[in-house]
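Have a look at run.pdb; it's PDB, C-alpha atoms:
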ATOM      1  CA  MET A   1     -80.804  78.158  63.841
ATOM      2  CA  VAL A   2     -79.611  76.976  60.423
ATOM      3  CA  ARG A   3     -78.566  73.312  60.333
ATOM      4  CA  PHE A   4     -76.323  71.463  57.905
ATOM      5  CA  VAL A   5     -77.090  67.772  57.628
ATOM      6  CA  ASN A   6     -74.689  65.287  56.059
ATOM      7  CA  ILE A   7     -76.528  62.686  54.011
ATOM      8  CA  THR A   8     -75.831  59.128  55.128
ATOM      9  CA  GLU A   9     -76.740  55.758  53.653
ATOM     10  CA  ASP A  10     -80.229  55.981  55.162
ATOM     11  CA  ALA A  11     -81.171  58.926  52.916
ATOM     12  CA  ASP A  12     -79.090  58.052  49.854
ATOM     13  CA  GLY A  13     -81.372  58.189  46.791
ATOM     14  CA  GLN A  14     -84.301  59.788  48.643
ATOM     15  CA  ARG A  15     -86.137  62.782  47.216
ATOM     16  CA  LEU A  16     -85.304  66.046  48.947
ATOM     17  CA  ASP A  17     -88.923  66.825  49.862
ATOM     18  CA  ASN A  18     -89.511  63.384  51.369
ATOM     19  CA  PHE A  19     -86.288  63.695  53.350
ATOM     20  CA  LEU A  20     -87.398  67.052  54.751
ATOM     21  CA  PHE A  21     -90.879  65.718  55.587
ATOM     22  CA  ARG A  22     -89.146  63.106  57.761
ATOM     23  CA  VAL A  23     -86.560  65.250  59.514
ATOM     24  CA  CYS A  24     -88.975  68.190  59.943
ATOM     25  CA  SER A  25     -92.003  66.086  60.737
ATOM     26  CA  ASP A  26     -94.062  68.819  62.417
ATOM     27  CA  VAL A  27     -93.413  71.522  59.802
ATOM     28  CA  PRO A  28     -96.281  72.001  57.297
ATOM     29  CA  LYS A  29     -95.474  70.678  53.851
ATOM     30  CA  SER A  30     -96.421  74.029  52.316
ATOM     31  CA  ARG A  31     -93.764  75.732  54.477
ATOM     32  CA  ILE A  32     -91.139  73.216  53.353
ATOM     33  CA  TYR A  33     -91.982  73.705  49.686
ATOM     34  CA  ASN A  34     -91.858  77.493  50.124
ATOM     35  CA  ALA A  35     -88.421  77.242  51.730
ATOM     36  CA  ILE A  36     -87.128  75.145  48.820
ATOM     37  CA  ARG A  37     -88.607  77.541  46.250
ATOM     38  CA  ARG A  38     -87.040  80.576  47.954
ATOM     39  CA  GLY A  39     -83.616  78.941  48.122
ATOM     40  CA  GLU A  40     -83.614  78.628  51.943
ATOM     41  CA  VAL A  41     -82.989  74.895  51.527
ATOM     42  CA  ARG A  42     -79.808  74.088  49.636
ATOM     43  CA  ILE A  43     -77.812  71.037  48.615
ATOM     44  CA  ASN A  44     -74.057  71.526  48.643
ATOM     45  CA  LYS A  45     -74.631  75.313  48.730
ATOM     46  CA  GLY A  46     -76.662  75.216  45.502
ATOM     47  CA  ARG A  47     -80.337  75.848  44.865
ATOM     48  CA  CYS A  48     -82.432  72.733  44.500
ATOM     49  CA  LYS A  49     -85.851  71.327  43.630
ATOM     50  CA  PRO A  50     -88.173  69.122  45.701
ATOM     51  CA  SER A  51     -87.562  66.240  43.288
ATOM     52  CA  ASN A  52     -83.761  66.314  43.584
ATOM     53  CA  LYS A  53     -82.398  62.934  44.676
ATOM     54  CA  LEU A  54     -79.965  63.064  47.573
ATOM     55  CA  LYS A  55     -76.586  61.367  47.311
ATOM     56  CA  LEU A  56     -74.236  60.005  49.923
ATOM     57  CA  GLU A  57     -72.167  62.781  51.566
ATOM     58  CA  ASP A  58     -74.379  65.582  50.216
ATOM     59  CA  VAL A  59     -74.778  68.465  52.675
ATOM     60  CA  VAL A  60     -78.320  69.810  53.042
ATOM     61  CA  ARG A  61     -78.895  73.284  54.465
ATOM     62  CA  ILE A  62     -82.087  73.357  56.556
ATOM     63  CA  PRO A  63     -83.427  76.780  57.597
ATOM     64  CA  PRO A  64     -84.690  77.514  61.132
ATOM     65  CA  PHE A  65     -88.268  76.296  60.795
ATOM     66  CA  SER A  66     -90.470  77.000  63.805
ATOM     67  CA  GLY A  67     -91.205  74.015  66.008
ATOM     68  CA  LYS A  68     -89.264  70.868  66.793
ATOM     69  CA  SER A  69     -88.072  68.507  64.095
ATOM     70  CA  ALA A  70     -86.420  65.126  63.840
ATOM     71  CA  VAL A  71     -83.162  66.983  63.192
ATOM     72  CA  ASP A  72     -83.597  68.717  66.553
ATOM     73  CA  ALA A  73     -84.343  65.399  68.196
ATOM     74  CA  GLU A  74     -81.246  63.801  66.699
ATOM     75  CA  ALA A  75     -79.146  66.696  67.971
ATOM     76  CA  GLY A  76     -79.722  65.565  71.526
ATOM     77  CA  PRO A  77     -82.260  65.427  74.363
ATOM     78  CA  GLY A  78     -81.280  68.891  75.554
ATOM     79  CA  ASN A  79     -83.416  70.380  72.776
ATOM     80  CA  THR A  80     -86.613  68.979  74.286
ATOM     81  CA  SER A  81     -88.385  70.061  77.421
ATOM     82  CA  PRO A  82     -88.529  67.820  80.503
ATOM     83  CA  ALA A  83     -92.268  67.378  79.912
ATOM     84  CA  GLU A  84     -91.695  66.261  76.317
ATOM     85  CA  ARG A  85     -88.987  63.818  77.384
ATOM     86  CA  PHE A  86     -91.243  62.426  80.113
ATOM     87  CA  VAL A  87     -94.156  61.861  77.719
ATOM     88  CA  ALA A  88     -91.899  60.348  75.064
ATOM     89  CA  GLY A  89     -90.258  58.102  77.642
ATOM     90  CA  ARG A  90     -93.603  56.784  78.874
ATOM     91  CA  ILE A  91     -94.868  56.114  75.349
ATOM     92  CA  ALA A  92     -91.642  54.398  74.297
ATOM     93  CA  ALA A  93     -91.495  52.345  77.502
ATOM     94  CA  ASP A  94     -95.059  51.082  76.980
ATOM     95  CA  ALA A  95     -94.372  50.248  73.331
ATOM     96  CA  LEU A  96     -91.046  48.509  73.969
ATOM     97  CA  THR A  97     -92.304  46.189  76.692
ATOM     98  CA  ASP A  98     -93.064  43.565  74.037
ATOM     99  CA  ILE A  99     -90.476  43.488  71.253
ATOM    100  CA  VAL A 100     -91.389  40.560  69.007
ATOM    101  CA  PHE A 101     -88.288  40.770  66.852
ATOM    102  CA  GLU A 102     -85.322  43.063  66.268
ATOM    103  CA  ASP A 103     -82.194  43.006  64.148
ATOM    104  CA  GLU A 104     -80.083  45.624  62.372
ATOM    105  CA  LEU A 105     -82.858  46.284  59.819
ATOM    106  CA  LEU A 106     -86.167  45.805  61.598
ATOM    107  CA  LEU A 107     -87.887  46.526  64.892
ATOM    108  CA  ILE A 108     -91.179  44.673  65.300
ATOM    109  CA  ILE A 109     -93.254  45.390  68.387
ATOM    110  CA  ASN A 110     -96.564  44.314  69.853
ATOM    111  CA  LYS A 111     -98.142  47.779  70.125
ATOM    112  CA  PRO A 112    -100.507  48.303  73.058
ATOM    113  CA  SER A 113    -103.967  49.702  72.459
ATOM    114  CA  GLY A 114    -104.292  53.435  73.056
ATOM    115  CA  ILE A 115    -100.946  54.537  71.601
ATOM    116  CA  ALA A 116    -100.986  56.563  68.372
ATOM    117  CA  VAL A 117     -98.267  55.497  65.954
ATOM    118  CA  HIS A 118     -97.454  59.102  65.014
ATOM    119  CA  GLY A 119     -98.244  62.625  66.125
ATOM    120  CA  GLY A 120    -100.984  64.724  64.578
ATOM    121  CA  SER A 121    -104.682  65.476  65.103
ATOM    122  CA  GLY A 122    -103.915  67.262  68.365
ATOM    123  CA  LEU A 123    -101.163  64.846  69.443
ATOM    124  CA  GLN A 124     -97.683  66.365  69.595
ATOM    125  CA  THR A 125     -95.942  63.070  70.236
ATOM    126  CA  GLY A 126     -96.728  59.640  68.869
ATOM    127  CA  LEU A 127     -94.966  56.309  69.015
ATOM    128  CA  ILE A 128     -92.485  56.907  66.204
ATOM    129  CA  GLU A 129     -91.505  60.365  67.491
ATOM    130  CA  SER A 130     -91.009  58.930  70.975
ATOM    131  CA  LEU A 131     -88.829  56.101  69.725
ATOM    132  CA  ARG A 132     -86.644  58.545  67.794
ATOM    133  CA  LEU A 133     -86.144  60.598  70.932
ATOM    134  CA  VAL A 134     -85.492  57.688  73.273
ATOM    135  CA  ARG A 135     -83.449  55.490  70.911
ATOM    136  CA  GLN A 136     -81.099  58.081  69.469
ATOM    137  CA  SER A 137     -78.504  55.457  68.563
ATOM    138  CA  ASP A 138     -80.923  54.340  65.840
ATOM    139  CA  HIS A 139     -80.370  57.083  63.288
ATOM    140  CA  PHE A 140     -83.254  55.920  61.084
ATOM    141  CA  LEU A 141     -86.649  54.819  62.393
ATOM    142  CA  GLU A 142     -89.666  54.848  60.078
ATOM    143  CA  LEU A 143     -93.084  53.228  60.178
ATOM    144  CA  VAL A 144     -93.507  50.598  57.480
ATOM    145  CA  HIS A 145     -97.288  50.652  57.932
ATOM    146  CA  ARG A 146     -99.789  52.035  60.420
ATOM    147  CA  LEU A 147    -102.210  50.804  63.034
ATOM    148  CA  ASP A 148    -105.129  52.787  64.400
ATOM    149  CA  ARG A 149    -104.532  54.251  67.839
ATOM    150  CA  GLU A 150    -106.916  51.838  69.568
ATOM    151  CA  THR A 151    -105.763  48.766  67.624
ATOM    152  CA  SER A 152    -103.095  46.635  69.272
ATOM    153  CA  GLY A 153    -100.660  44.201  67.726
ATOM    154  CA  LEU A 154     -97.773  43.812  65.334
ATOM    155  CA  LEU A 155     -96.166  46.984  64.021
ATOM    156  CA  LEU A 156     -93.206  47.020  61.623
ATOM    157  CA  ILE A 157     -90.582  49.746  62.038
ATOM    158  CA  ALA A 158     -87.675  50.012  59.614
ATOM    159  CA  LYS A 159     -84.217  50.808  61.000
ATOM    160  CA  LYS A 160     -82.650  51.290  57.563
ATOM    161  CA  ARG A 161     -84.025  53.023  54.508
ATOM    162  CA  ARG A 162     -83.347  49.984  52.332
ATOM    163  CA  ALA A 163     -85.498  47.903  54.677
ATOM    164  CA  LEU A 164     -88.291  50.489  54.484
ATOM    165  CA  LEU A 165     -88.259  50.534  50.680
ATOM    166  CA  ARG A 166     -88.160  46.761  50.441
ATOM    167  CA  LEU A 167     -91.047  46.215  52.845
ATOM    168  CA  GLN A 168     -93.144  48.940  51.218
ATOM    169  CA  SER A 169     -92.593  47.203  47.887
ATOM    170  CA  MET A 170     -93.625  43.876  49.428
ATOM    171  CA  LEU A 171     -96.817  45.484  50.770
ATOM    172  CA  GLN A 172     -97.685  46.816  47.314
ATOM    173  CA  GLU A 173     -97.014  43.413  45.758
ATOM    174  CA  GLY A 174     -99.172  41.569  48.294
ATOM    175  CA  ARG A 175     -96.230  39.743  49.853
ATOM    176  CA  VAL A 176     -97.097  40.825  53.408
ATOM    177  CA  GLU A 177    -100.007  38.857  54.804
ATOM    178  CA  LYS A 178    -101.872  40.501  57.689
ATOM    179  CA  ILE A 179    -104.054  38.497  60.062
ATOM    180  CA  TYR A 180    -106.188  40.193  62.708
ATOM    181  CA  HIS A 181    -108.230  38.860  65.603
ATOM    182  CA  ALA A 182    -111.356  40.695  66.681
ATOM    183  CA  TRP A 183    -114.017  40.235  69.307
ATOM    184  CA  VAL A 184    -117.300  41.162  67.660
ATOM    185  CA  ALA A 185    -120.726  41.612  69.203
ATOM    186  CA  GLY A 186    -123.265  38.841  68.766
ATOM    187  CA  GLN A 187    -123.040  35.608  66.802
ATOM    188  CA  TRP A 188    -121.065  35.880  63.586
ATOM    189  CA  PRO A 189    -123.099  34.286  60.745
ATOM    190  CA  LYS A 190    -121.622  30.933  59.785
ATOM    191  CA  HIS A 191    -122.154  31.557  56.081
ATOM    192  CA  VAL A 192    -120.255  34.868  56.057
ATOM    193  CA  THR A 193    -116.659  34.043  55.165
ATOM    194  CA  GLU A 194    -115.990  36.931  52.788
ATOM    195  CA  ILE A 195    -117.176  40.533  52.580
ATOM    196  CA  THR A 196    -116.580  42.561  49.429
ATOM    197  CA  ALA A 197    -118.645  45.665  50.181
ATOM    198  CA  PRO A 198    -116.967  48.708  48.530
ATOM    199  CA  LEU A 199    -115.770  51.381  50.946
ATOM    200  CA  LYS A 200    -115.797  55.150  50.578
ATOM    201  CA  LYS A 201    -114.047  57.751  52.720
ATOM    202  CA  LEU A 202    -116.144  60.630  53.969
ATOM    203  CA  VAL A 203    -114.762  64.139  53.881
ATOM    204  CA  GLY A 204    -115.368  67.052  56.206
ATOM    205  CA  GLN A 205    -116.124  66.697  59.892
ATOM    206  CA  ASP A 206    -117.202  63.038  59.769
ATOM    207  CA  LYS A 207    -113.964  61.673  58.279
ATOM    208  CA  GLY A 208    -115.276  58.139  58.553
ATOM    209  CA  VAL A 209    -115.727  55.306  56.079
ATOM    210  CA  ILE A 210    -119.012  53.971  54.728
ATOM    211  CA  VAL A 211    -120.159  51.171  52.474
ATOM    212  CA  ALA A 212    -121.087  52.793  49.159
ATOM    213  CA  SER A 213    -121.619  51.580  45.614
ATOM    214  CA  ASP A 214    -119.177  54.204  44.344
ATOM    215  CA  GLY A 215    -116.535  53.271  46.900
ATOM    216  CA  LYS A 216    -113.264  51.446  46.343
ATOM    217  CA  ALA A 217    -113.234  47.691  45.898
ATOM    218  CA  SER A 218    -112.598  46.040  49.269
ATOM    219  CA  GLN A 219    -112.265  42.443  50.393
ATOM    220  CA  THR A 220    -111.939  40.878  53.846
ATOM    221  CA  LEU A 221    -111.909  37.159  54.630
ATOM    222  CA  PHE A 222    -113.448  36.081  57.948
ATOM    223  CA  SER A 223    -113.424  32.859  59.953
ATOM    224  CA  VAL A 224    -114.663  32.025  63.441
ATOM    225  CA  ILE A 225    -112.160  31.128  66.142
ATOM    226  CA  GLY A 226    -114.660  30.665  68.966
ATOM    227  CA  ARG A 227    -117.898  31.901  70.484
ATOM    228  CA  THR A 228    -119.390  32.953  73.795
ATOM    229  CA  GLU A 229    -123.029  33.639  74.543
ATOM    230  CA  HIS A 230    -122.864  37.297  73.480
ATOM    231  CA  ALA A 231    -119.697  37.601  71.381
ATOM    232  CA  THR A 232    -117.594  35.911  68.702
ATOM    233  CA  LEU A 233    -113.834  35.861  68.295
ATOM    234  CA  VAL A 234    -113.097  36.044  64.565
ATOM    235  CA  GLU A 235    -110.027  35.993  62.391
ATOM    236  CA  ALA A 236    -109.984  38.691  59.721
ATOM    237  CA  ARG A 237    -107.667  38.732  56.721
ATOM    238  CA  PRO A 238    -107.837  41.998  54.752
ATOM    239  CA  VAL A 239    -107.043  41.299  51.105
ATOM    240  CA  THR A 240    -107.231  45.007  50.337
ATOM    241  CA  GLY A 241    -105.972  47.698  52.696
ATOM    242  CA  ARG A 242    -108.707  50.312  52.997
ATOM    243  CA  THR A 243    -108.974  52.610  56.010
ATOM    244  CA  HIS A 244    -110.972  51.006  58.862
ATOM    245  CA  GLN A 245    -111.757  48.111  56.515
ATOM    246  CA  ILE A 246    -112.177  45.343  59.094
ATOM    247  CA  ARG A 247    -114.225  47.542  61.426
ATOM    248  CA  VAL A 248    -116.617  48.688  58.698
ATOM    249  CA  HIS A 249    -117.003  45.227  57.189
ATOM    250  CA  ALA A 250    -117.688  43.703  60.613
ATOM    251  CA  ALA A 251    -120.382  46.308  61.280
ATOM    252  CA  TYR A 252    -121.787  45.671  57.794
ATOM    253  CA  ALA A 253    -122.150  41.993  58.716
ATOM    254  CA  GLY A 254    -124.215  43.017  61.762
ATOM    255  CA  CYS A 255    -121.466  42.148  64.257
ATOM    256  CA  PRO A 256    -119.472  45.310  65.006
ATOM    257  CA  VAL A 257    -116.133  45.115  66.779
ATOM    258  CA  ILE A 258    -116.667  45.449  70.524
ATOM    259  CA  GLY A 259    -115.491  48.818  71.805
ATOM    260  CA  ASP A 260    -115.689  50.502  68.396
ATOM    261  CA  GLU A 261    -116.955  53.978  69.208
ATOM    262  CA  ARG A 262    -117.222  55.025  65.552
ATOM    263  CA  TYR A 263    -118.842  52.054  63.830
ATOM    264  CA  GLY A 264    -120.062  50.019  66.792
ATOM    265  CA  ASP A 265    -123.219  49.807  68.883
ATOM    266  CA  ARG A 266    -123.241  52.173  71.876
ATOM    267  CA  THR A 267    -125.568  49.976  73.914
ATOM    268  CA  VAL A 268    -123.418  46.909  73.306
ATOM    269  CA  ASN A 269    -120.239  48.836  74.097
ATOM    270  CA  ARG A 270    -121.740  50.124  77.328
ATOM    271  CA  ARG A 271    -122.714  46.604  78.383
ATOM    272  CA  PHE A 272    -119.226  45.251  77.768
ATOM    273  CA  SER A 273    -117.696  48.312  79.439
ATOM    274  CA  GLU A 274    -119.523  47.310  82.604
ATOM    275  CA  GLN A 275    -117.611  44.003  82.315
ATOM    276  CA  ASN A 276    -114.288  45.918  82.135
ATOM    277  CA  VAL A 277    -113.967  45.659  78.351
ATOM    278  CA  ARG A 278    -112.973  49.238  77.622
ATOM    279  CA  ARG A 279    -110.976  49.172  74.407
ATOM    280  CA  LEU A 280    -111.376  48.454  70.725
ATOM    281  CA  CYS A 281    -111.156  44.680  70.582
ATOM    282  CA  LEU A 282    -109.090  44.490  67.394
ATOM    283  CA  HIS A 283    -105.594  43.016  67.386
ATOM    284  CA  ALA A 284    -103.000  42.617  64.616
ATOM    285  CA  ALA A 285    -102.178  39.055  65.600
ATOM    286  CA  GLU A 286     -99.968  37.739  62.802
ATOM    287  CA  LEU A 287     -97.807  38.910  59.928
ATOM    288  CA  VAL A 288     -96.289  36.762  57.221
ATOM    289  CA  LEU A 289     -93.382  38.365  55.371
ATOM    290  CA  LYS A 290     -92.929  36.555  52.049
ATOM    291  CA  TRP A 291     -89.294  37.268  51.230
ATOM    292  CA  ASP A 292     -88.238  36.468  47.673
ATOM    293  CA  ASP A 293     -84.726  35.406  48.680
ATOM    294  CA  ALA A 294     -85.305  33.797  52.086
ATOM    295  CA  PRO A 295     -87.831  31.593  53.907
ATOM    296  CA  HIS A 296     -91.143  33.197  54.730
ATOM    297  CA  GLN A 297     -91.170  34.824  58.144
ATOM    298  CA  ARG A 298     -94.249  34.359  60.318
ATOM    299  CA  LEU A 299     -94.637  36.578  63.371
ATOM    300  CA  ARG A 300     -97.248  36.278  66.095
ATOM    301  CA  ALA A 301     -98.149  38.749  68.822
ATOM    302  CA  GLN A 302     -99.875  37.595  71.970
ATOM    303  CA  TRP A 303    -103.220  39.135  72.827
ATOM    304  CA  ASN A 304    -104.245  38.757  76.428
ATOM    305  CA  PRO A 305    -108.029  38.326  76.522
ATOM    306  CA  GLU A 306    -109.868  41.299  77.939
ATOM    307  CA  PRO A 307    -111.533  40.929  81.356
ATOM    308  CA  GLY A 308    -115.128  40.023  80.676
ATOM    309  CA  LEU A 309    -114.331  38.152  77.458
ATOM    310  CA  HIS A 310    -113.661  34.513  78.151
ATOM    311  CA  LEU A 311    -113.415  32.027  75.328
ATOM    312  CA  PRO A 312    -113.693  28.268  75.921
ATOM    313  CA  VAL A 313    -110.780  27.688  73.493
ATOM    314  CA  GLN A 314    -107.120  28.605  73.717
ATOM    315  CA  THR A 315    -106.320  32.009  72.248
ATOM    316  CA  PRO A 316    -103.207  32.443  70.074
ATOM    317  CA  GLU A 317     -99.951  33.036  71.830
ATOM    318  CA  LYS A 318     -96.659  34.437  70.661
ATOM    319  CA  SER A 319     -94.416  31.653  69.382
ATOM    320  CA  ASP A 320     -90.966  31.243  67.950
ATOM    321  CA  ILE A 321     -90.454  32.672  64.476
ATOM    322  CA  ASP A 322     -88.459  31.547  61.484
ATOM    323  CA  TYR A 323     -86.443  34.425  60.104
ATOM    324  CA  GLY A 324     -84.643  34.521  56.774
ATOM    325  CA  ASN A 325     -81.632  36.833  56.623
ATOM    326  CA  ASP A 326     -82.170  39.892  54.440
TER
END
Represent the supplied structure as structure tokens.
Amino acid sequence: MVRFVNITEDADGQRLDNFLFRVCSDVPKSRIYNAIRRGEVRINKGRCKPSNKLKLEDVVRIPPFSGKSAVDAEAGPGNTSPAERFVAGRIAADALTDIVFEDELLLIINKPSGIAVHGGSGLQTGLIESLRLVRQSDHFLELVHRLDRETSGLLLIAKKRRALLRLQSMLQEGRVEKIYHAWVAGQWPKHVTEITAPLKKLVGQDKGVIVASDGKASQTLFSVIGRTEHATLVEARPVTGRTHQIRVHAAYAGCPVIGDERYGDRTVNRRFSEQNVRRLCLHAAELVLKWDDAPHQRLRAQWNPEPGLHLPVQTPEKSDIDYGND
């Protein structure tokens, strides 16, 4: 069924192709580009290019792509099957049990481990798709950044396009400070406070990350929070933002993150699994948003210690935050 979408403030100024990628999130990009080239997608009844910038009150014609899209989801829950609504409801309910902060521009949650932030790689529904289905009164919901499926902690979701663009700019300018907590196997070396090993993405079936001389420059700062006999709780501050950076750097230091099935030690993971530690022990614990026109905003997300990991010091807890109006 052909749809006609009126452009609102949330899409004002956005490129046509990026707009379609969002509202038709499960349609291949090649199919979208083909539809634009053939004239199946139109702006105000006229042919258009992928680079055309949308304007307020433009009307975009969207052809009947196969599969569900965000446009379908916004049209109402009747366009989804009961099974899809059930799955989305469960994912959204789990994710929304710990909202750290919310206003008209931002939704910041403490994401549980085990929830993918978006669909793909065999997953039809991720966190962001579920939120769009369940919270249909929020006409714009976009991930500002991503967390790995097994990583828990603070996740920023923009509720307005202007908030998304501003926060993405702040990330590029280094004005968003990310602080992670990780339980790593063994005793973290006292002298290791910085790791700058370059990282390279593998292609093909492996799709992992390795330390390689021809990799991209990478930097992570580490400090010890506390120790047990067989594990160390560390704070990790990634200065650069490479894929799996903290996990690879921790393994490079000889102390892989507990529960890391890709870069960790299987024997160590099995031993901790027997103590009911059955997740990747990496948590996005703090974010500092360094606004240029308001006080810095520090957010903290509580991480309940895993059974079998007991630290003889107090672990960080969620606290009040200072928020500067945008």
- Could you state the separation of atom CA of Arg279 of chain A and atom CA of Ser113 of chain A in Å, given to one decimal place?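 Atom CA of Arg279 of chain A sits 7.3 Å away from atom CA of Ser113 of chain A.
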- Item | For atom CA of Glu57 of chain A and atom CA of Leu16 of chain A, the interatomic separation in Å (one decimal) |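 For atom CA of Glu57 of chain A relative to atom CA of Leu16 of chain A, the distance reads 13.8 Å.
Closest approach to Val41 of chain A among A:Ala294, A:Val203, A:Val59, A:Leu127 is made by A:Val59 (distances from only C-alpha atoms).
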For the structure provided, state which residues fall under the PyMOL selection byres ((chain A and resi 15) around 9), and present them as an mmCIF file with C-alpha atoms, in the coordinates of the input.
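selection_25.cif was written with the following content:
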data_model
loop_
_atom_site.group_PDB
_atom_site.id
_atom_site.type_symbol
_atom_site.label_atom_id
_atom_site.label_comp_id
_atom_site.auth_asym_id
_atom_site.auth_seq_id
_atom_site.Cartn_x
_atom_site.Cartn_y
_atom_site.Cartn_z
ATOM 1 C CA ALA A 11 -81.171 58.926 52.916
ATOM 2 C CA ASP A 12 -79.090 58.052 49.854
ATOM 3 C CA GLY A 13 -81.372 58.189 46.791
ATOM 4 C CA GLN A 14 -84.301 59.788 48.643
ATOM 5 C CA LEU A 16 -85.304 66.046 48.947
ATOM 6 C CA ASP A 17 -88.923 66.825 49.862
ATOM 7 C CA ASN A 18 -89.511 63.384 51.369
ATOM 8 C CA PHE A 19 -86.288 63.695 53.350
ATOM 9 C CA LEU A 20 -87.398 67.052 54.751
ATOM 10 C CA PRO A 50 -88.173 69.122 45.701
ATOM 11 C CA SER A 51 -87.562 66.240 43.288
ATOM 12 C CA ASN A 52 -83.761 66.314 43.584
ATOM 13 C CA LYS A 53 -82.398 62.934 44.676
ATOM 14 C CA LEU A 54 -79.965 63.064 47.573
#
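Nearest-residue note for Leu106 of chain A: choosing from A:Arg161, A:His230, A:Lys49, A:Arg266, the minimum distance belongs to A:Arg161, counting all atoms listed in the file.
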- Item | Expected answer as a PyMOL selection string: all residues with atoms within 10 Å of (-117.2, 55.3, 65.9), only C-alpha atoms | chain A and resi 206+208-209+247-248+259-266
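Here atom CA of His249 of chain A is placed at a distance of 17.6 Å from atom CA of Asn269 of chain A.
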